[in-house]
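Enquirer: Sharing start03.cif here; it has mmCIF, C-alpha atoms and all ligand atoms.
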data_query
#
loop_
_atom_site.group_PDB
_atom_site.id
_atom_site.type_symbol
_atom_site.label_atom_id
_atom_site.label_comp_id
_atom_site.auth_asym_id
_atom_site.auth_seq_id
_atom_site.Cartn_x
_atom_site.Cartn_y
_atom_site.Cartn_z
ATOM 1 C CA MET A 1 -8.971 15.936 -20.191
ATOM 2 C CA GLN A 2 -5.656 15.504 -18.340
ATOM 3 C CA GLY A 3 -5.550 12.852 -15.621
ATOM 4 C CA MET A 4 -4.487 13.767 -12.088
ATOM 5 C CA LEU A 5 -1.307 11.681 -12.461
ATOM 6 C CA GLU A 6 -0.631 12.267 -16.161
ATOM 7 C CA GLY A 7 2.821 10.895 -17.113
ATOM 8 C CA LYS A 8 3.850 10.194 -13.500
ATOM 9 C CA VAL A 9 5.766 6.991 -12.794
ATOM 10 C CA ALA A 10 4.217 4.936 -9.995
ATOM 11 C CA VAL A 11 5.327 1.697 -8.351
ATOM 12 C CA ILE A 12 2.598 -0.247 -6.522
ATOM 13 C CA THR A 13 3.364 -3.328 -4.421
ATOM 14 C CA GLY A 14 0.728 -5.965 -3.633
ATOM 15 C CA ALA A 15 -0.936 -4.931 -6.896
ATOM 16 C CA ALA A 16 -2.384 -8.294 -7.957
ATOM 17 C CA ARG A 17 -5.606 -8.016 -5.964
ATOM 18 C CA GLY A 18 -7.613 -6.007 -3.433
ATOM 19 C CA ILE A 19 -6.516 -2.487 -2.526
ATOM 20 C CA GLY A 20 -3.319 -2.639 -4.627
ATOM 21 C CA GLN A 21 -5.217 -3.677 -7.734
ATOM 22 C CA ALA A 22 -7.895 -0.993 -7.254
ATOM 23 C CA THR A 23 -5.110 1.590 -6.866
ATOM 24 C CA ALA A 24 -3.441 0.358 -10.055
ATOM 25 C CA PHE A 25 -6.682 0.744 -12.060
ATOM 26 C CA LEU A 26 -7.401 4.203 -10.632
ATOM 27 C CA PHE A 27 -3.836 5.389 -11.264
ATOM 28 C CA ALA A 28 -3.994 4.061 -14.855
ATOM 29 C CA LYS A 29 -7.269 5.938 -15.380
ATOM 30 C CA GLU A 30 -5.539 9.092 -14.128
ATOM 31 C CA GLY A 31 -2.698 8.674 -16.632
ATOM 32 C CA ALA A 32 0.116 7.211 -14.478
ATOM 33 C CA ARG A 33 2.773 4.936 -15.986
ATOM 34 C CA LEU A 34 2.867 1.843 -13.812
ATOM 35 C CA LEU A 35 5.202 -0.756 -12.447
ATOM 36 C CA LEU A 36 3.110 -3.322 -10.585
ATOM 37 C CA THR A 37 4.622 -5.976 -8.358
ATOM 38 C CA ASP A 38 3.240 -8.867 -6.290
ATOM 39 C CA LEU A 39 4.233 -12.226 -4.858
ATOM 40 C CA ASP A 40 1.635 -14.049 -6.994
ATOM 41 C CA LYS A 41 2.534 -14.084 -10.679
ATOM 42 C CA GLY A 42 -0.767 -15.400 -12.118
ATOM 43 C CA PRO A 43 -3.097 -12.718 -10.681
ATOM 44 C CA LEU A 44 -0.434 -10.066 -11.302
ATOM 45 C CA ASP A 45 -0.150 -10.938 -15.026
ATOM 46 C CA GLU A 46 -3.941 -10.897 -15.282
ATOM 47 C CA CYS A 47 -4.110 -7.444 -13.686
ATOM 48 C CA VAL A 48 -1.380 -6.097 -16.007
ATOM 49 C CA SER A 49 -3.091 -7.375 -19.158
ATOM 50 C CA LYS A 50 -6.499 -6.000 -18.062
ATOM 51 C CA ILE A 51 -5.004 -2.555 -17.482
ATOM 52 C CA LYS A 52 -3.168 -2.725 -20.834
ATOM 53 C CA SER A 53 -6.370 -3.510 -22.691
ATOM 54 C CA GLU A 54 -8.449 -0.878 -20.874
ATOM 55 C CA PHE A 55 -6.067 2.085 -20.732
ATOM 56 C CA LYS A 56 -3.503 3.589 -23.074
ATOM 57 C CA THR A 57 -0.738 3.786 -20.515
ATOM 58 C CA ASP A 58 2.530 1.872 -19.996
ATOM 59 C CA VAL A 59 2.282 -0.979 -17.481
ATOM 60 C CA ILE A 60 4.998 -3.414 -16.443
ATOM 61 C CA GLY A 61 4.478 -6.362 -14.060
ATOM 62 C CA ILE A 62 7.318 -7.932 -12.073
ATOM 63 C CA GLN A 63 6.782 -10.850 -9.731
ATOM 64 C CA GLY A 64 8.652 -10.261 -6.470
ATOM 65 C CA ASN A 65 8.703 -10.640 -2.714
ATOM 66 C CA VAL A 66 8.940 -7.426 -0.685
ATOM 67 C CA THR A 67 10.924 -9.275 1.997
ATOM 68 C CA ASN A 68 13.696 -9.825 -0.540
ATOM 69 C CA GLU A 69 15.974 -6.790 -0.945
ATOM 70 C CA LYS A 70 17.175 -7.867 -4.390
ATOM 71 C CA ASP A 71 13.583 -8.184 -5.677
ATOM 72 C CA CYS A 72 12.827 -4.666 -4.418
ATOM 73 C CA GLU A 73 15.968 -3.260 -6.042
ATOM 74 C CA LYS A 74 15.061 -4.912 -9.353
ATOM 75 C CA VAL A 75 11.535 -3.447 -9.243
ATOM 76 C CA MET A 76 12.706 0.120 -8.562
ATOM 77 C CA LYS A 77 15.559 -0.047 -11.091
ATOM 78 C CA THR A 78 13.238 -1.333 -13.812
ATOM 79 C CA ALA A 79 10.589 1.324 -13.077
ATOM 80 C CA SER A 80 13.095 4.137 -13.227
ATOM 81 C CA GLU A 81 14.943 2.842 -16.324
ATOM 82 C CA LYS A 82 12.000 1.676 -18.421
ATOM 83 C CA LEU A 83 9.401 4.252 -17.416
ATOM 84 C CA GLY A 84 10.986 7.148 -15.610
ATOM 85 C CA ASN A 85 14.286 8.255 -17.094
ATOM 86 C CA GLY A 86 16.084 7.530 -13.816
ATOM 87 C CA SER A 87 13.302 8.709 -11.537
ATOM 88 C CA ILE A 88 10.214 7.422 -9.720
ATOM 89 C CA ASP A 89 7.408 9.847 -8.778
ATOM 90 C CA ILE A 90 5.132 7.708 -6.600
ATOM 91 C CA LEU A 91 5.700 4.636 -4.434
ATOM 92 C CA VAL A 92 2.660 2.909 -2.934
ATOM 93 C CA ASN A 93 3.488 0.155 -0.427
ATOM 94 C CA VAL A 94 0.363 -1.999 -0.291
ATOM 95 C CA ALA A 95 1.743 -5.569 0.013
ATOM 96 C CA GLY A 96 0.634 -7.030 3.318
ATOM 97 C CA ILE A 97 -0.730 -10.126 5.004
ATOM 98 C CA THR A 98 -2.238 -11.361 8.291
ATOM 99 C CA LYS A 99 -1.631 -14.394 10.488
ATOM 100 C CA ASP A 100 -3.967 -13.861 13.420
ATOM 101 C CA LYS A 101 -3.585 -15.665 16.747
ATOM 102 C CA PHE A 102 -4.059 -14.723 20.380
ATOM 103 C CA ILE A 103 -0.743 -13.741 21.896
ATOM 104 C CA HIS A 104 -0.452 -16.812 24.148
ATOM 105 C CA LYS A 105 -0.696 -18.993 21.014
ATOM 106 C CA MET A 106 1.436 -16.848 18.690
ATOM 107 C CA THR A 107 4.822 -18.362 17.874
ATOM 108 C CA LEU A 108 7.961 -16.366 17.237
ATOM 109 C CA ASP A 109 7.708 -17.487 13.598
ATOM 110 C CA ASP A 110 4.157 -16.038 13.371
ATOM 111 C CA TRP A 111 5.454 -12.776 14.808
ATOM 112 C CA ASN A 112 8.534 -12.576 12.571
ATOM 113 C CA PHE A 113 6.609 -13.528 9.417
ATOM 114 C CA ILE A 114 4.175 -10.616 9.736
ATOM 115 C CA ILE A 115 6.755 -8.047 10.849
ATOM 116 C CA ASN A 116 8.921 -9.147 7.939
ATOM 117 C CA VAL A 117 6.289 -8.858 5.195
ATOM 118 C CA ASN A 118 4.389 -5.788 6.401
ATOM 119 C CA LEU A 119 7.035 -3.640 8.063
ATOM 120 C CA THR A 120 10.411 -4.788 6.738
ATOM 121 C CA GLY A 121 8.857 -5.170 3.262
ATOM 122 C CA THR A 122 7.775 -1.518 3.346
ATOM 123 C CA PHE A 123 11.237 -0.473 4.558
ATOM 124 C CA ASN A 124 12.917 -2.527 1.789
ATOM 125 C CA CYS A 125 10.852 -0.835 -0.911
ATOM 126 C CA ILE A 126 11.458 2.694 0.387
ATOM 127 C CA LYS A 127 15.185 1.997 0.712
ATOM 128 C CA ALA A 128 15.356 0.527 -2.804
ATOM 129 C CA ALA A 129 13.433 3.504 -4.231
ATOM 130 C CA SER A 130 15.702 6.010 -2.491
ATOM 131 C CA PRO A 131 18.187 6.468 -5.401
ATOM 132 C CA PHE A 132 15.290 7.160 -7.780
ATOM 133 C CA MET A 133 13.310 9.431 -5.453
ATOM 134 C CA ARG A 134 15.605 11.172 -2.921
ATOM 135 C CA ASP A 135 18.780 11.175 -5.045
ATOM 136 C CA ALA A 136 16.844 12.012 -8.214
ATOM 137 C CA ALA A 137 15.301 15.007 -6.422
ATOM 138 C CA LYS A 138 18.740 16.157 -5.260
ATOM 139 C CA LEU A 139 20.094 15.969 -8.807
ATOM 140 C CA GLU A 140 17.072 17.847 -10.128
ATOM 141 C CA GLU A 141 17.674 20.651 -7.647
ATOM 142 C CA GLU A 142 21.349 20.910 -8.594
ATOM 143 C CA LYS A 143 20.476 21.087 -12.287
ATOM 144 C CA THR A 144 17.368 23.288 -12.273
ATOM 145 C CA GLY A 145 17.094 24.866 -8.830
ATOM 146 C CA LYS A 146 13.632 23.316 -8.439
ATOM 147 C CA ILE A 147 12.261 19.939 -7.346
ATOM 148 C CA LYS A 148 8.928 18.437 -8.434
ATOM 149 C CA MET A 149 6.634 16.725 -5.934
ATOM 150 C CA ARG A 150 7.133 13.026 -5.314
ATOM 151 C CA SER A 151 5.207 10.864 -2.859
ATOM 152 C CA VAL A 152 5.413 7.703 -0.788
ATOM 153 C CA ILE A 153 2.151 6.217 0.479
ATOM 154 C CA ASN A 154 2.189 3.407 3.026
ATOM 155 C CA ILE A 155 -0.691 1.261 4.234
ATOM 156 C CA SER A 156 -1.202 1.020 7.986
ATOM 157 C CA SER A 157 -4.481 -0.199 9.501
ATOM 158 C CA ILE A 158 -6.916 0.663 12.289
ATOM 159 C CA SER A 159 -5.353 -2.372 13.999
ATOM 160 C CA GLY A 160 -2.093 -0.417 13.973
ATOM 161 C CA THR A 161 -3.623 2.766 15.328
ATOM 162 C CA THR A 162 -5.964 1.235 17.942
ATOM 163 C CA GLY A 163 -4.710 -2.351 18.518
ATOM 164 C CA ASN A 164 -6.795 -5.465 17.885
ATOM 165 C CA ALA A 165 -7.224 -8.768 19.707
ATOM 166 C CA ALA A 166 -5.472 -11.709 17.982
ATOM 167 C CA GLN A 167 -3.359 -9.313 15.909
ATOM 168 C CA ALA A 168 -0.307 -8.500 18.069
ATOM 169 C CA ASN A 169 2.023 -9.208 15.144
ATOM 170 C CA TYR A 170 -0.118 -7.339 12.597
ATOM 171 C CA ALA A 171 -0.902 -4.361 14.878
ATOM 172 C CA ALA A 172 2.793 -3.965 15.746
ATOM 173 C CA SER A 173 3.770 -4.111 12.063
ATOM 174 C CA LYS A 174 1.129 -1.533 11.133
ATOM 175 C CA MET A 175 2.044 0.803 14.013
ATOM 176 C CA GLY A 176 5.675 0.366 12.905
ATOM 177 C CA ILE A 177 4.569 1.666 9.519
ATOM 178 C CA VAL A 178 3.296 4.826 11.230
ATOM 179 C CA GLY A 179 6.760 5.433 12.746
ATOM 180 C CA LEU A 180 8.448 4.679 9.437
ATOM 181 C CA THR A 181 6.076 7.034 7.588
ATOM 182 C CA LYS A 182 6.650 9.930 9.970
ATOM 183 C CA THR A 183 10.422 9.440 9.844
ATOM 184 C CA VAL A 184 10.621 9.303 6.038
ATOM 185 C CA ALA A 185 8.409 12.412 5.950
ATOM 186 C CA LYS A 186 10.957 14.254 8.102
ATOM 187 C CA GLU A 187 14.026 12.964 6.217
ATOM 188 C CA TRP A 188 12.648 13.598 2.719
ATOM 189 C CA ALA A 189 10.650 16.819 3.171
ATOM 190 C CA ARG A 190 13.808 18.669 2.126
ATOM 191 C CA PHE A 191 13.553 16.872 -1.247
ATOM 192 C CA ASN A 192 9.863 17.723 -1.740
ATOM 193 C CA ILE A 193 8.853 14.086 -1.186
ATOM 194 C CA THR A 194 5.699 13.630 0.876
ATOM 195 C CA CYS A 195 5.240 10.459 2.919
ATOM 196 C CA ASN A 196 1.807 9.641 4.329
ATOM 197 C CA ALA A 197 -0.083 6.553 5.439
ATOM 198 C CA VAL A 198 -3.637 5.351 5.007
ATOM 199 C CA ALA A 199 -5.162 3.325 7.860
ATOM 200 C CA PRO A 200 -8.079 1.346 6.405
ATOM 201 C CA GLY A 201 -10.895 -0.015 8.524
ATOM 202 C CA TYR A 202 -12.791 -3.104 7.394
ATOM 203 C CA ILE A 203 -12.474 -3.471 3.604
ATOM 204 C CA GLU A 204 -13.868 -6.459 1.716
ATOM 205 C CA THR A 205 -10.855 -8.232 0.158
ATOM 206 C CA ARG A 206 -9.189 -11.646 0.303
ATOM 207 C CA LEU A 207 -7.664 -10.620 3.639
ATOM 208 C CA THR A 208 -11.063 -10.189 5.308
ATOM 209 C CA GLN A 209 -12.868 -13.175 3.765
ATOM 210 C CA VAL A 210 -13.906 -16.068 5.986
ATOM 211 C CA ARG A 211 -10.699 -17.945 6.804
ATOM 212 C CA LYS A 212 -10.269 -21.146 4.806
ATOM 213 C CA GLU A 213 -8.654 -24.333 6.128
ATOM 214 C CA GLY A 214 -4.857 -24.168 5.758
ATOM 215 C CA GLU A 215 -4.712 -20.445 4.922
ATOM 216 C CA ASP A 216 -2.954 -17.834 7.080
ATOM 217 C CA PHE A 217 -5.224 -14.930 6.275
ATOM 218 C CA GLY A 218 -8.953 -14.348 6.590
ATOM 219 C CA ILE A 219 -11.078 -13.993 9.724
ATOM 220 C CA PRO A 220 -13.524 -16.294 11.538
ATOM 221 C CA GLU A 221 -17.124 -15.957 10.291
ATOM 222 C CA LYS A 222 -18.415 -14.952 13.743
ATOM 223 C CA GLN A 223 -15.926 -12.096 14.074
ATOM 224 C CA ARG A 224 -16.647 -10.964 10.515
ATOM 225 C CA GLN A 225 -20.349 -10.745 11.273
ATOM 226 C CA ILE A 226 -19.714 -8.708 14.426
ATOM 227 C CA ILE A 227 -17.617 -6.188 12.460
ATOM 228 C CA MET A 228 -20.223 -5.989 9.670
ATOM 229 C CA GLN A 229 -22.993 -5.400 12.212
ATOM 230 C CA LEU A 230 -20.975 -2.719 14.013
ATOM 231 C CA GLN A 231 -20.195 -1.050 10.703
ATOM 232 C CA LYS A 232 -23.870 -1.086 9.765
ATOM 233 C CA GLU A 233 -25.057 0.316 13.078
ATOM 234 C CA THR A 234 -22.368 2.915 13.724
ATOM 235 C CA GLY A 235 -20.784 3.745 10.369
ATOM 236 C CA LEU A 236 -21.853 5.633 7.271
ATOM 237 C CA ALA A 237 -25.195 4.645 5.782
ATOM 238 C CA ARG A 238 -23.885 2.628 2.831
ATOM 239 C CA GLU A 239 -22.458 -0.797 2.016
ATOM 240 C CA ALA A 240 -19.210 -2.135 3.548
ATOM 241 C CA GLY A 241 -15.858 -0.619 2.603
ATOM 242 C CA GLN A 242 -14.423 -1.604 -0.774
ATOM 243 C CA SER A 243 -10.891 -1.427 -2.200
ATOM 244 C CA ASP A 244 -11.871 1.644 -4.257
ATOM 245 C CA ASP A 245 -12.624 3.562 -1.052
ATOM 246 C CA ILE A 246 -8.955 3.222 -0.112
ATOM 247 C CA ALA A 247 -7.611 3.699 -3.647
ATOM 248 C CA LYS A 248 -9.291 7.130 -3.824
ATOM 249 C CA VAL A 249 -7.481 8.278 -0.672
ATOM 250 C CA ILE A 250 -4.188 6.871 -1.962
ATOM 251 C CA LEU A 251 -4.792 8.938 -5.124
ATOM 252 C CA PHE A 252 -5.252 12.040 -2.947
ATOM 253 C CA PHE A 253 -1.864 11.446 -1.304
ATOM 254 C CA ALA A 254 -0.217 10.718 -4.678
ATOM 255 C CA SER A 255 -1.633 13.800 -6.403
ATOM 256 C CA ASP A 256 -1.015 17.494 -6.268
ATOM 257 C CA LEU A 257 -4.113 17.888 -4.051
ATOM 258 C CA SER A 258 -1.980 16.880 -1.051
ATOM 259 C CA SER A 259 1.265 18.630 -2.041
ATOM 260 C CA PHE A 260 1.464 20.409 1.379
ATOM 261 C CA VAL A 261 0.576 17.326 3.455
ATOM 262 C CA THR A 262 3.232 15.026 4.875
ATOM 263 C CA GLY A 263 3.791 12.694 7.835
ATOM 264 C CA GLN A 264 0.052 12.094 8.268
ATOM 265 C CA VAL A 265 -1.954 8.942 8.920
ATOM 266 C CA LEU A 266 -5.507 9.065 7.606
ATOM 267 C CA THR A 267 -8.054 6.590 8.958
ATOM 268 C CA VAL A 268 -10.473 5.459 6.250
ATOM 269 C CA SER A 269 -13.052 3.341 8.048
ATOM 270 C CA GLY A 270 -16.429 4.819 7.105
ATOM 271 C CA GLY A 271 -16.870 5.929 10.704
ATOM 272 C CA LEU A 272 -16.668 2.440 12.239
ATOM 273 C CA ILE A 273 -16.948 3.116 15.967
ATOM 274 C CA GLY A 274 -13.721 2.801 17.912
ATOM 275 C CA THR A 275 -11.696 4.038 14.965
ATOM 276 C CA ILE A 276 -12.612 7.718 15.052
HETATM 277 N N1 LIG A 301 -8.770 -5.432 3.797
HETATM 278 C C1 LIG A 301 -8.751 -4.737 4.924
HETATM 279 O O1 LIG A 301 -9.767 -4.648 5.653
HETATM 280 C C2 LIG A 301 -7.514 -4.021 5.350
HETATM 281 C C3 LIG A 301 -7.590 -3.213 6.511
HETATM 282 C C4 LIG A 301 -6.455 -2.545 6.929
HETATM 283 C C5 LIG A 301 -5.272 -2.641 6.211
HETATM 284 N N2 LIG A 301 -5.218 -3.432 5.092
HETATM 285 C C6 LIG A 301 -3.934 -3.502 4.377
HETATM 286 O O2 LIG A 301 -4.137 -3.225 3.013
HETATM 287 C C7 LIG A 301 -3.106 -3.867 2.246
HETATM 288 C C8 LIG A 301 -3.741 -4.642 1.094
HETATM 289 O O3 LIG A 301 -4.521 -5.684 1.617
HETATM 290 P P1 LIG A 301 -5.821 -6.257 0.873
HETATM 291 O O4 LIG A 301 -6.905 -6.208 1.860
HETATM 292 O O5 LIG A 301 -5.977 -5.627 -0.439
HETATM 293 O O6 LIG A 301 -5.380 -7.791 0.761
HETATM 294 P P2 LIG A 301 -5.172 -8.774 -0.499
HETATM 295 O O7 LIG A 301 -4.789 -10.074 0.067
HETATM 296 O O8 LIG A 301 -6.350 -8.693 -1.394
HETATM 297 O O9 LIG A 301 -3.924 -8.109 -1.267
HETATM 298 C C9 LIG A 301 -2.631 -8.121 -0.737
HETATM 299 C C10 LIG A 301 -1.640 -8.415 -1.852
HETATM 300 O O10 LIG A 301 -0.313 -8.386 -1.292
HETATM 301 C C11 LIG A 301 0.436 -9.446 -1.867
HETATM 302 N N3 LIG A 301 1.541 -9.837 -0.999
HETATM 303 C C12 LIG A 301 1.465 -10.485 0.189
HETATM 304 N N4 LIG A 301 2.687 -10.736 0.662
HETATM 305 C C13 LIG A 301 3.569 -10.245 -0.244
HETATM 306 C C14 LIG A 301 4.982 -10.220 -0.329
HETATM 307 N N5 LIG A 301 5.753 -10.771 0.616
HETATM 308 N N6 LIG A 301 5.562 -9.623 -1.405
HETATM 309 C C15 LIG A 301 4.795 -9.071 -2.380
HETATM 310 N N7 LIG A 301 3.457 -9.098 -2.365
HETATM 311 C C16 LIG A 301 2.842 -9.673 -1.309
HETATM 312 C C17 LIG A 301 -0.577 -10.579 -2.032
HETATM 313 O O11 LIG A 301 -0.147 -11.547 -2.978
HETATM 314 C C18 LIG A 301 -1.839 -9.821 -2.459
HETATM 315 O O12 LIG A 301 -1.990 -9.767 -3.858
HETATM 316 C C19 LIG A 301 -2.326 -4.747 3.234
HETATM 317 O O13 LIG A 301 -1.156 -4.077 3.617
HETATM 318 C C20 LIG A 301 -3.270 -4.867 4.404
HETATM 319 O O14 LIG A 301 -2.609 -5.115 5.597
HETATM 320 C C21 LIG A 301 -6.318 -4.112 4.655
#
Let me see whether you can do it: turn the structure in this file into structure tokens.
Ligand SMILES: NC(=O)c1ccc[n+]([C@@H]2O[C@H](COP(=O)([O-])OP(=O)(O)OC[C@H]3O[C@@H](n4cnc5c(N)ncnc54)[C@H](O)[C@@H]3O)[C@@H](O)[C@H]2O)c1
Expert:
Amino acid sequence: MQGMLEGKVAVITGAARGIGQATAFLFAKEGARLLLTDLDKGPLDECVSKIKSEFKTDVIGIQGNVTNEKDCEKVMKTASEKLGNGSIDILVNVAGITKDKFIHKMTLDDWNFIINVNLTGTFNCIKAASPFMRDAAKLEEEKTGKIKMRSVINISSISGTTGNAAQANYAASKMGIVGLTKTVAKEWARFNITCNAVAPGYIETRLTQVRKEGEDFGIPEKQRQIIMQLQKETGLAREAGQSDDIAKVILFFASDLSSFVTGQVLTVSGGLIGTI
């Protein structure tokens, strides 16, 4: 049976773990040809070799930092040259991080760090993919009179759509992603490129583990328990959100099922109160 993304070329950032990794596995299962990128080489290489051994699709891993324009350009160029004949079909911007502090304790460096990774990183990747998505679509139209569907999927957060204490930097970066998503949707609709965002609620990954000494990310145990309790009492009657729950929605936005949907932000929180 044909996969939903059979033969499509997809770039996924932040693919070494969590939501990015789950998306990479689901896309591979659906027949996509993958370029995976992440800051952390070890976990990225592991993810690439697991996908290679489990699925019969092409997978390339490139270590890179989304805050670095040159890294982003290298990723997109390699994907289009080695997998896509000059074109990229799907870009999923998952790379992201937290550095939570109350605003009166947040330094300018804390603020800039998060805006830079989450928001500027997403911008850098879209900009670097532009020749292989927008320009490729334009060329296709000139040659054939038709343009196939392409898609950009960004990751916002319920923090971005509702705000969250101790996350001024993160919430601003994730709301920025909403503005970026809606703007790209308007600019690229003409080229049959959809651009949508997923706003996850609480998903069990490294980012939401109990914060360890010396690490930027993670959340205090007490706060984690409050969220879990709220989820249990107000959300869907099932276990906490997992990376696959988000990957499935990313697949929807990457596939033909959403070919007439653009500029949208979909909250995926299992009904956690305050988010719907
Ligand atoms: N887990 C949640 O509850 C939750 C909720 C809302 C939004 N999100 C968003 O989902 C996305 C994925 O997060 P996750 O929960 O899977 O976390 P995660 O830590 O498991 O995965 C994030 C990945 O991004 C990579 N990364 C970080 N900075 C990078 C950089 N500068 N360049 C390239 N790669 C970089 C990390 O190495 C990591 O592998 C993030 O954008 C996050 O903000 C997560």
Enquirer: Counting all atoms listed in the file, figure out which residue out of A:Ala28, A:Ile177, A:Ile193, A:Val249 gets nearest to Ser130 of chain A.
Expert: A:Ile193
Enquirer: Using all atoms listed in the file, which residues of the polymer chains come no farther than 8 Å from ligand LIG 301 (chain A)? I'd like the answer as a PyMOL selection string.
Expert: chain A and resi 13-21+37-40+43-44+63-67+93-98+117-118+121+155-159+170+174+199-208+217+241+243
Enquirer: Write the residues of the selection above to a file with C-alpha atoms, as a CSV table (one decimal), in the coordinates of the input.
Expert:
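Saved file selection.csv follows:
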chain,number,residue,atom,x,y,z
A,13,THR,CA,3.4,-3.3,-4.4
A,14,GLY,CA,0.7,-6.0,-3.6
A,15,ALA,CA,-0.9,-4.9,-6.9
A,16,ALA,CA,-2.4,-8.3,-8.0
A,17,ARG,CA,-5.6,-8.0,-6.0
A,18,GLY,CA,-7.6,-6.0,-3.4
A,19,ILE,CA,-6.5,-2.5,-2.5
A,20,GLY,CA,-3.3,-2.6,-4.6
A,21,GLN,CA,-5.2,-3.7,-7.7
A,37,THR,CA,4.6,-6.0,-8.4
A,38,ASP,CA,3.2,-8.9,-6.3
A,39,LEU,CA,4.2,-12.2,-4.9
A,40,ASP,CA,1.6,-14.0,-7.0
A,43,PRO,CA,-3.1,-12.7,-10.7
A,44,LEU,CA,-0.4,-10.1,-11.3
A,63,GLN,CA,6.8,-10.8,-9.7
A,64,GLY,CA,8.7,-10.3,-6.5
A,65,ASN,CA,8.7,-10.6,-2.7
A,66,VAL,CA,8.9,-7.4,-0.7
A,67,THR,CA,10.9,-9.3,2.0
A,93,ASN,CA,3.5,0.2,-0.4
A,94,VAL,CA,0.4,-2.0,-0.3
A,95,ALA,CA,1.7,-5.6,0.0
A,96,GLY,CA,0.6,-7.0,3.3
A,97,ILE,CA,-0.7,-10.1,5.0
A,98,THR,CA,-2.2,-11.4,8.3
A,117,VAL,CA,6.3,-8.9,5.2
A,118,ASN,CA,4.4,-5.8,6.4
A,121,GLY,CA,8.9,-5.2,3.3
A,155,ILE,CA,-0.7,1.3,4.2
A,156,SER,CA,-1.2,1.0,8.0
A,157,SER,CA,-4.5,-0.2,9.5
A,158,ILE,CA,-6.9,0.7,12.3
A,159,SER,CA,-5.4,-2.4,14.0
A,170,TYR,CA,-0.1,-7.3,12.6
A,174,LYS,CA,1.1,-1.5,11.1
A,199,ALA,CA,-5.2,3.3,7.9
A,200,PRO,CA,-8.1,1.3,6.4
A,201,GLY,CA,-10.9,0.0,8.5
A,202,TYR,CA,-12.8,-3.1,7.4
A,203,ILE,CA,-12.5,-3.5,3.6
A,204,GLU,CA,-13.9,-6.5,1.7
A,205,THR,CA,-10.9,-8.2,0.2
A,206,ARG,CA,-9.2,-11.6,0.3
A,207,LEU,CA,-7.7,-10.6,3.6
A,208,THR,CA,-11.1,-10.2,5.3
A,217,PHE,CA,-5.2,-14.9,6.3
A,241,GLY,CA,-15.9,-0.6,2.6
A,243,SER,CA,-10.9,-1.4,-2.2
Enquirer: I'd like the interatomic distance between atom CA of Ala79 of chain A and atom CA of Asn124 of chain A, to a tenth of an Å.
Expert: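 Between atom CA of Ala79 of chain A and atom CA of Asn124 of chain A the gap works out to 15.5 Å.
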Enquirer: Can you spell out as a list in words the set of residues that the PyMOL selection byres (((chain A and resi 250-252) around 8) and not hetatm) selects in the structure I just provided?
Expert: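 Against this file, the PyMOL selection byres (((chain A and resi 250-252) around 8) and not hetatm) returns the residues Thr23, Leu26, Phe27, Val92, Ile153, Val198, Ile246, Ala247, Lys248, Val249, Phe253, Ala254, Ser255, Asp256, Leu257 and Ser258 of chain A.
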Enquirer: Figure out the distance between atom CA of Asp89 of chain A and atom CA of Val9 of chain A, please, to one decimal in Å.
Expert: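 Separation between atom CA of Val9 of chain A and atom CA of Asp89 of chain A: 5.2 Å.
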Enquirer: Could you check which of A:Ser80, A:Thr161, A:Ser53, A:Asn169 is closest to Leu34 of chain A, using only C-alpha atoms?
Expert: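 Distance minimum relative to Leu34 of chain A lands on A:Ser80.
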Enquirer: Measure the distance from atom CA of Met1 of chain A to atom CA of Ala32 of chain A in Å and round it to one decimal.
Expert: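 Interatomic distance, atom CA of Met1 of chain A to atom CA of Ala32 of chain A: 13.8 Å.
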Enquirer: Since I can't run it myself right now, could you work out what the PyMOL selection byres (((chain A and resi 220) around 6) and not hetatm) selects here and report it as a PyMOL selection string?
Expert: chain A and resi 210-211+219+221-223
Enquirer: Can I get the selection written as a compact mmCIF listing (two decimals), in the frame of the given file, with C-alpha atoms?
Expert:
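Done, and the output landed in part_2.txt:
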# COMPACT_ATOMS: atom_id res chain seq x y z
CA VAL A 210 -13.91 -16.07 5.99
CA ARG A 211 -10.70 -17.94 6.80
CA ILE A 219 -11.08 -13.99 9.72
CA GLU A 221 -17.12 -15.96 10.29
CA LYS A 222 -18.42 -14.95 13.74
CA GLN A 223 -15.93 -12.10 14.07
Enquirer: Give me, as a tab-separated table (two decimals) with C-alpha atoms, in the frame of the given file, all polymer residues having an atom no more than 9 Å from Lys8 of chain A, counting only C-alpha atoms and skipping those fewer than 2 positions away in the same chain.
Expert:
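Written file, part-v2.tsv:
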chain	number	residue	atom	x	y	z
A	5	LEU	CA	-1.31	11.68	-12.46
A	6	GLU	CA	-0.63	12.27	-16.16
A	10	ALA	CA	4.22	4.94	-9.99
A	31	GLY	CA	-2.70	8.67	-16.63
A	32	ALA	CA	0.12	7.21	-14.48
A	33	ARG	CA	2.77	4.94	-15.99
A	34	LEU	CA	2.87	1.84	-13.81
A	84	GLY	CA	10.99	7.15	-15.61
A	88	ILE	CA	10.21	7.42	-9.72
A	89	ASP	CA	7.41	9.85	-8.78
A	90	ILE	CA	5.13	7.71	-6.60
Enquirer: For Glu141 of chain A, which of A:Arg238, A:Lys232, A:Arg190, A:Lys52 is the closest residue, counting only C-alpha atoms?
Expert: A:Arg190
Enquirer: Given the choices A:Thr183, A:His104, A:Asn116, A:Ile147, which gets closest to Gln167 of chain A if the distance is worked out from only C-alpha atoms?
Expert: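 Checking each candidate against Gln167 of chain A, we get A:His104 as the closest.
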Enquirer: Box time for segment 87-90 of chain A: axis-aligned, enclosing all its listed atoms, 5 Å extra on each side; report centre and edge lengths in Å to one decimal, as JSON.
Expert:
{"center_x": 9.2, "center_y": 8.6, "center_z": -9.1, "size_x": 18.2, "size_y": 12.4, "size_z": 14.9}
